[in-house]
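J.: The structure is given below, and queries will be raised subsequently.
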Amino acid sequence: MAIRNRFLRSAVILLLVFCMVMLSACKDKKDKAEEQPKENTESVSKTEEKEESSNEKAVEPAEDPNELPDGKVRSYLTGLPVDEKTAKRRPLAIMLNNLEAAQPMSGISYADVVYEFVVEGSITRLMGLFENYDDLDKIGSIRSCREYFVYTALEFDAIYMHFGQATYAVDLLGRDYVDNLNGLGEAGDTCFYRTTDRQAPHNVYTSKAGIDAGIKKLGYREDHYDGFGRKFLFCDLDKEVTNEGGADASYIAPNYKINKPWFEYNEKTGKYDRYQYGEAQIDDLTGEQISFDNVIFQYNKWSQLDEKDYLAFDCHSGGVIQYFTKGKCVVGQWQRDLDLAKDGNVDLAPVRYYDLDGNEIEINNGKTFICVIQDTDLENVVVK
């Protein structure tokens, strides 16, 4: 995979750091092994007897931990068991207002996957992917579209939901393979409503009833298309990814300049807690802080489109990632799996994550937060 210029230099920096961590880990293991006392003959003999006894018992085939009861399958978004009907249904990709005046958000904790991108003025906007939103009557507040969010929603075969759009996204939104619910479109009054507790534009929300009515009005396909392929590679249900040998990553910050978010690893829960604007980020519906089993920093090439600071992100060419879980970080790369480009359309091919040897990275079952970061800002990201 070709990664040029500044992006290549950044990738080399990450690779060198990764190699140093791995060498250090290997040395520690070797030193510990040399320190272990030798077992006496009697201990060895007893160990061999136990192993033989254990081998005799292990003849019976073990149950498949991923074999689920009828009607249950593993979620495309979390890897966890869900009703087959829920997994089959297309998720909603909803644009979420991340300005300070719009905090706290409503329903963000129900999103299974969350993306964060920079938009103009160095502010960020979130996009939540919701698999099961059946009990929600308030999700938002909702803001306008940028085309790179659309490319991301297409990876999941999601129905994209937004209130308005930048000029640069109009062409993409009009393509026949993009199903979107637009607050300024035909189904706007059907899908969205405004509250009186906040000033516009921070008071636009949607609900399960509004979403269903909008999908029905526009006649959108409700279930995944035949042959839809997963995005993530989740580990087995009875296993856990620990990123053993990776760099320490109890505190990570993507260096977004306005909301200044960060994540802290919580050893009690085994998840990363999310903070921004100097405090815990909570869901207004629950009053609880949002947290994630997996965090991914994905570095994309980018450009500035005009003097108003509208941005474009390259969502197709591939690049570097850092994968965080269980307080550890490993370095890898992202690229679109073109073998899954439906009807040859690369926009519909999912981005997947690989280690530096080209093997697909397994991630933990659960919720995932993905920060898409300008590749030129790699050296300012904090991991410690």
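By order in the structure tokens, chains are A, B, ...; within a chain, residues start at 1; ligands start at 1, following the order shown.
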Taking 3 positions as the minimum chain separation for residues in the same chain, which residues sit within 12 Å of Glu67 (chain A) when counting only C-alpha atoms? Answer as a VMD selection string.
T.: chain A and resid 62 to 64 70 to 74 80 to 81 236 to 238
J.: Return as a Markdown table the residues of region 331-372 of chain A lying at most 9 Å from region 110-116 of chain A, together with the closest atom-to-atom pair for each and the distance in Å to one decimal, counting only C-alpha atoms, with rows in chain order and ascending residue number.
T.:
| residue | atom | partner | partner_atom | distance |
| --- | --- | --- | --- | --- |
| A:Gly366 | CA | A:Asp112 | CA | 7.6 |
| A:Lys367 | CA | A:Asp112 | CA | 5.0 |
| A:Thr368 | CA | A:Val113 | CA | 4.9 |
| A:Phe369 | CA | A:Val114 | CA | 4.8 |
| A:Ile370 | CA | A:Tyr115 | CA | 4.8 |
| A:Cys371 | CA | A:Glu116 | CA | 4.9 |
| A:Val372 | CA | A:Glu116 | CA | 6.1 |
J.: If we count only C-alpha atoms, what is near Thr190 (chain A) at a cut-off of 12 Å, once residues fewer than 3 positions away on the same chain are taken out, given as a ChimeraX atom specification?
T.: /A:181-187,193-194,205-218
J.: Would you pick out the contacts of Thr86 (chain A) at 10 Å or less, using only C-alpha atoms, so that residues sharing its chain but fewer than 4 positions from it are not included, and give the list as a PDB file with C-alpha atoms, in the first residue's frame?
T.:
ATOM      1  CA  LYS A  72     -29.780 -14.972  17.809  1.00  0.00           C
ATOM      2  CA  VAL A  73     -26.797 -13.848  15.726  1.00  0.00           C
ATOM      3  CA  SER A  75     -24.176  -7.985  15.690  1.00  0.00           C
ATOM      4  CA  VAL A  82     -28.641  -9.816  19.221  1.00  0.00           C
ATOM      5  CA  ARG A  90     -30.065  -1.481   8.439  1.00  0.00           C
ATOM      6  CA  PRO A  91     -28.608   0.781  11.143  1.00  0.00           C
ATOM      7  CA  GLU A 131     -28.540  -0.719  15.614  1.00  0.00           C
ATOM      8  CA  ASN A 132     -31.414  -0.812  18.089  1.00  0.00           C
ATOM      9  CA  TYR A 133     -33.193   2.512  18.598  1.00  0.00           C
ATOM     10  CA  ASP A 134     -36.653   1.058  19.249  1.00  0.00           C
ATOM     11  CA  ASP A 223     -32.870  -4.694   5.703  1.00  0.00           C
TER      12      ASP A 223
END
J.: When DSSP works through the backbone of this structure, what residues of region 154-283 of chain A end up as alpha helix (DSSP H), shown as a ChimeraX atom specification?
T.: /A:154,170-173,188-191,208-218
J.: In Å, with one decimal, what is the gap from CA of Ile363 (chain A) to CA of Val119 (chain A)?
T.: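 About the pair CA of Ile363 (chain A) and CA of Val119 (chain A): they are 27.8 Å apart.
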J.: Show me, as an mmCIF file with N, CA and C atoms, in the first residue's frame, the residues that have an atom within 9 Å of region 287-303 of chain A when counting only C-alpha atoms, minus same-chain residues fewer than 5 positions from it.
T.:
data_model
loop_
_atom_site.group_PDB
_atom_site.id
_atom_site.type_symbol
_atom_site.label_atom_id
_atom_site.label_comp_id
_atom_site.auth_asym_id
_atom_site.auth_seq_id
_atom_site.Cartn_x
_atom_site.Cartn_y
_atom_site.Cartn_z
ATOM 1 N N PHE A 7 2.750 11.711 5.100
ATOM 2 C CA PHE A 7 2.026 10.558 5.643
ATOM 3 C C PHE A 7 2.973 9.377 5.843
ATOM 4 N N PRO A 104 -25.581 18.343 27.213
ATOM 5 C CA PRO A 104 -25.262 16.974 26.794
ATOM 6 C C PRO A 104 -26.181 16.495 25.676
ATOM 7 N N ILE A 108 -26.773 9.398 22.828
ATOM 8 C CA ILE A 108 -25.454 9.032 22.345
ATOM 9 C C ILE A 108 -24.971 7.710 22.943
ATOM 10 N N SER A 109 -25.387 7.390 24.152
ATOM 11 C CA SER A 109 -24.931 6.147 24.788
ATOM 12 C C SER A 109 -25.547 4.908 24.151
ATOM 13 N N ASP A 112 -23.870 2.237 18.894
ATOM 14 C CA ASP A 112 -22.932 1.121 19.005
ATOM 15 C C ASP A 112 -21.554 1.489 18.480
ATOM 16 N N VAL A 113 -21.524 2.370 17.494
ATOM 17 C CA VAL A 113 -20.270 2.876 16.927
ATOM 18 C C VAL A 113 -20.417 4.387 16.802
ATOM 19 N N PRO A 254 -6.922 12.865 20.914
ATOM 20 C CA PRO A 254 -6.720 13.034 19.472
ATOM 21 C C PRO A 254 -6.334 14.445 19.034
ATOM 22 N N PHE A 263 -9.714 10.292 26.306
ATOM 23 C CA PHE A 263 -10.248 9.042 26.829
ATOM 24 C C PHE A 263 -9.333 8.563 27.942
ATOM 25 N N GLY A 270 -12.894 -1.992 32.356
ATOM 26 C CA GLY A 270 -12.198 -2.482 31.169
ATOM 27 C C GLY A 270 -12.531 -1.684 29.925
ATOM 28 N N LYS A 271 -13.055 -0.466 30.105
ATOM 29 C CA LYS A 271 -13.468 0.372 28.975
ATOM 30 C C LYS A 271 -12.764 1.726 29.035
ATOM 31 N N TYR A 272 -12.860 2.456 27.929
ATOM 32 C CA TYR A 272 -12.345 3.818 27.870
ATOM 33 C C TYR A 272 -13.489 4.801 28.101
ATOM 34 N N ASP A 273 -13.348 5.644 29.129
ATOM 35 C CA ASP A 273 -14.330 6.686 29.408
ATOM 36 C C ASP A 273 -14.001 7.920 28.580
ATOM 37 N N ARG A 274 -15.040 8.582 28.083
ATOM 38 C CA ARG A 274 -14.866 9.724 27.185
ATOM 39 C C ARG A 274 -15.083 11.046 27.935
ATOM 40 N N TYR A 275 -14.204 12.015 27.642
ATOM 41 C CA TYR A 275 -14.279 13.366 28.208
ATOM 42 C C TYR A 275 -14.171 14.388 27.079
ATOM 43 N N ALA A 280 -16.527 15.022 32.003
ATOM 44 C CA ALA A 280 -17.034 13.764 31.456
ATOM 45 C C ALA A 280 -18.144 14.044 30.450
ATOM 46 N N GLN A 281 -18.132 13.314 29.329
ATOM 47 C CA GLN A 281 -19.217 13.446 28.359
ATOM 48 C C GLN A 281 -20.326 12.474 28.747
ATOM 49 N N ILE A 282 -21.502 13.008 29.002
ATOM 50 C CA ILE A 282 -22.606 12.175 29.454
ATOM 51 C C ILE A 282 -23.746 12.186 28.446
ATOM 52 N N TYR A 310 -13.931 24.848 4.761
ATOM 53 C CA TYR A 310 -14.562 23.542 4.554
ATOM 54 C C TYR A 310 -13.471 22.538 4.177
ATOM 55 N N LEU A 311 -13.583 21.325 4.727
ATOM 56 C CA LEU A 311 -12.539 20.327 4.570
ATOM 57 C C LEU A 311 -13.010 19.146 3.725
ATOM 58 N N ALA A 312 -12.042 18.428 3.199
ATOM 59 C CA ALA A 312 -12.298 17.146 2.544
ATOM 60 C C ALA A 312 -11.332 16.130 3.139
ATOM 61 N N PHE A 313 -11.837 14.923 3.392
ATOM 62 C CA PHE A 313 -11.001 13.826 3.874
ATOM 63 C C PHE A 313 -10.984 12.713 2.830
ATOM 64 N N ASP A 314 -9.802 12.165 2.595
ATOM 65 C CA ASP A 314 -9.665 11.023 1.699
ATOM 66 C C ASP A 314 -10.086 9.774 2.465
ATOM 67 N N CYS A 315 -11.255 9.251 2.129
ATOM 68 C CA CYS A 315 -11.796 8.088 2.834
ATOM 69 C C CYS A 315 -11.585 6.789 2.073
ATOM 70 N N HIS A 316 -10.710 6.797 1.073
ATOM 71 C CA HIS A 316 -10.566 5.628 0.215
ATOM 72 C C HIS A 316 -9.144 5.081 0.109
ATOM 73 N N SER A 317 -8.116 5.921 0.281
ATOM 74 C CA SER A 317 -6.747 5.519 -0.075
ATOM 75 C C SER A 317 -6.037 4.692 0.980
ATOM 76 N N GLY A 318 -6.494 4.719 2.204
ATOM 77 C CA GLY A 318 -5.831 3.969 3.260
ATOM 78 C C GLY A 318 -4.855 4.819 4.039
ATOM 79 N N GLY A 319 -4.389 4.271 5.167
ATOM 80 C CA GLY A 319 -3.459 5.008 6.000
ATOM 81 C C GLY A 319 -3.168 4.280 7.301
ATOM 82 N N VAL A 320 -2.674 5.026 8.279
ATOM 83 C CA VAL A 320 -2.227 4.476 9.564
ATOM 84 C C VAL A 320 -3.373 4.497 10.575
ATOM 85 N N ILE A 321 -3.361 3.545 11.517
ATOM 86 C CA ILE A 321 -4.279 3.570 12.648
ATOM 87 C C ILE A 321 -3.529 3.262 13.935
ATOM 88 N N GLN A 322 -4.124 3.641 15.046
ATOM 89 C CA GLN A 322 -3.741 3.150 16.364
ATOM 90 C C GLN A 322 -4.992 2.535 16.967
ATOM 91 N N TYR A 323 -4.874 1.283 17.411
ATOM 92 C CA TYR A 323 -6.005 0.592 18.023
ATOM 93 C C TYR A 323 -5.765 0.480 19.519
ATOM 94 N N PHE A 324 -6.724 0.983 20.307
ATOM 95 C CA PHE A 324 -6.617 1.012 21.762
ATOM 96 C C PHE A 324 -7.671 0.104 22.385
ATOM 97 N N THR A 325 -7.219 -0.749 23.279
ATOM 98 C CA THR A 325 -8.137 -1.544 24.083
ATOM 99 C C THR A 325 -7.388 -2.026 25.313
ATOM 100 N N LYS A 326 -8.098 -2.163 26.424
ATOM 101 C CA LYS A 326 -7.534 -2.675 27.682
ATOM 102 C C LYS A 326 -6.278 -1.918 28.118
ATOM 103 N N GLN A 333 -2.866 -0.376 10.067
ATOM 104 C CA GLN A 333 -3.207 0.380 8.864
ATOM 105 C C GLN A 333 -4.663 0.121 8.488
ATOM 106 N N TRP A 334 -5.264 1.063 7.767
ATOM 107 C CA TRP A 334 -6.627 0.881 7.296
ATOM 108 C C TRP A 334 -6.647 0.917 5.779
ATOM 109 N N ILE A 363 -10.803 -7.135 17.122
ATOM 110 C CA ILE A 363 -11.100 -6.183 18.177
ATOM 111 C C ILE A 363 -12.066 -6.819 19.170
ATOM 112 N N ASN A 364 -12.189 -6.207 20.331
ATOM 113 C CA ASN A 364 -13.066 -6.738 21.364
ATOM 114 C C ASN A 364 -14.540 -6.514 21.016
ATOM 115 N N ASN A 365 -15.366 -7.426 21.456
ATOM 116 C CA ASN A 365 -16.805 -7.269 21.309
ATOM 117 C C ASN A 365 -17.256 -6.092 22.178
ATOM 118 N N GLY A 366 -18.160 -5.307 21.653
ATOM 119 C CA GLY A 366 -18.646 -4.149 22.396
ATOM 120 C C GLY A 366 -18.658 -2.912 21.529
ATOM 121 N N LYS A 367 -18.710 -1.755 22.171
ATOM 122 C CA LYS A 367 -18.845 -0.482 21.459
ATOM 123 C C LYS A 367 -17.485 0.077 21.050
ATOM 124 N N THR A 368 -17.499 0.823 19.937
ATOM 125 C CA THR A 368 -16.255 1.336 19.356
ATOM 126 C C THR A 368 -16.399 2.820 19.047
ATOM 127 N N PHE A 369 -15.375 3.597 19.397
ATOM 128 C CA PHE A 369 -15.312 5.020 19.049
ATOM 129 C C PHE A 369 -14.134 5.210 18.099
ATOM 130 N N ILE A 370 -14.380 5.855 16.954
ATOM 131 C CA ILE A 370 -13.339 6.068 15.947
ATOM 132 C C ILE A 370 -13.126 7.555 15.733
ATOM 133 N N CYS A 371 -11.946 8.041 16.085
ATOM 134 C CA CYS A 371 -11.551 9.426 15.821
ATOM 135 C C CYS A 371 -10.806 9.455 14.491
ATOM 136 N N VAL A 372 -11.371 10.128 13.504
ATOM 137 C CA VAL A 372 -10.662 10.298 12.235
ATOM 138 C C VAL A 372 -9.866 11.598 12.339
ATOM 139 N N ILE A 373 -8.555 11.480 12.180
ATOM 140 C CA ILE A 373 -7.635 12.577 12.474
ATOM 141 C C ILE A 373 -6.875 12.970 11.211
ATOM 142 N N GLN A 374 -6.670 14.268 11.044
ATOM 143 C CA GLN A 374 -5.862 14.743 9.919
ATOM 144 C C GLN A 374 -4.454 14.166 10.030
ATOM 145 N N ASP A 375 -3.965 13.558 8.959
ATOM 146 C CA ASP A 375 -2.689 12.853 9.040
ATOM 147 C C ASP A 375 -1.534 13.773 9.406
ATOM 148 N N THR A 376 -1.651 15.058 9.119
ATOM 149 C CA THR A 376 -0.586 16.007 9.450
ATOM 150 C C THR A 376 -0.526 16.316 10.936
ATOM 151 N N ASP A 377 -1.509 15.860 11.695
ATOM 152 C CA ASP A 377 -1.563 16.148 13.123
ATOM 153 C C ASP A 377 -1.108 14.965 13.964
ATOM 154 N N LEU A 378 -0.562 13.961 13.342
ATOM 155 C CA LEU A 378 -0.206 12.725 14.044
ATOM 156 C C LEU A 378 0.746 12.980 15.209
#
J.: Determine which residues of region 119-320 of chain A receive a DSSP assignment of strand (DSSP E or B), computed from the backbone, and state them as JSON, numbers by chain.
T.: {"A": [124, 125, 126, 127, 128, 129, 130, 139, 140, 142, 145, 159, 160, 161, 162, 165, 180, 181, 182, 192, 193, 194, 204, 205, 206, 223, 233, 234, 247, 248, 251, 252, 253, 262, 263, 264, 265, 266, 271, 272, 273, 274, 275, 276, 279, 280, 282, 283, 289, 291, 292, 294, 295, 296, 297, 298, 299, 300, 302, 303, 304, 311, 312, 313, 319, 320]}
J.: Between CA of Gly128 (chain A) and CA of Tyr277 (chain A), measure the distance and give it in Å to one decimal.
T.: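 According to the coordinates, CA of Gly128 (chain A) and CA of Tyr277 (chain A) are separated by 19.1 Å.
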J.: I need the residue nearest Arg221 (chain A) from this list: A:Ile159, A:Ala200, A:Val241, A:Ala166. Use only C-alpha atoms for the distance.
T.: A:Ile159
J.: Which residue is closest to Asp284 (chain A)? Choose from A:Asn259, A:Ser106, A:Thr269, A:Ile252 and count only C-alpha atoms.
T.: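 Among A:Asn259, A:Ser106, A:Thr269, A:Ile252, it is A:Ser106 that comes nearest to Asp284 (chain A).
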J.: Report as a ChimeraX atom specification all protein, DNA and RNA residues lying within 7 Å of Leu348 (chain A), evaluated on only C-alpha atoms, omitting residues in the same chain fewer than 5 positions from it.
T.: /A:154-155,341-342
J.: Fewer than 4 positions away in the same chain doesn't count, so skip those; otherwise give me all residues within 6 Å of Ile142 (chain A), counting only C-alpha atoms, as an NGL selection string.
T.: :A and (95-97 or 204-205)
J.: Using only C-alpha atoms, can you tell me which of A:Tyr168, A:Phe192, A:Tyr251, A:Phe234 comes closest to Asp137 (chain A)?
T.: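 Of A:Tyr168, A:Phe192, A:Tyr251, A:Phe234, the one nearest Asp137 (chain A) is A:Phe192, counting only C-alpha atoms.
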J.: Give me, please, the distance in Å between CA of Tyr353 (chain A) and CA of Thr242 (chain A), quoted to one decimal.
T.: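 According to the coordinates, CA of Tyr353 (chain A) and CA of Thr242 (chain A) are separated by 16.4 Å.
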J.: Could you tell me which of A:Val351, A:Ala158, A:Ile139, A:Val330 comes closest to Asp283 (chain A) if we count only C-alpha atoms?
T.: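 Going through A:Val351, A:Ala158, A:Ile139, A:Val330 one by one, the smallest distance to Asp283 (chain A) is for A:Ile139.
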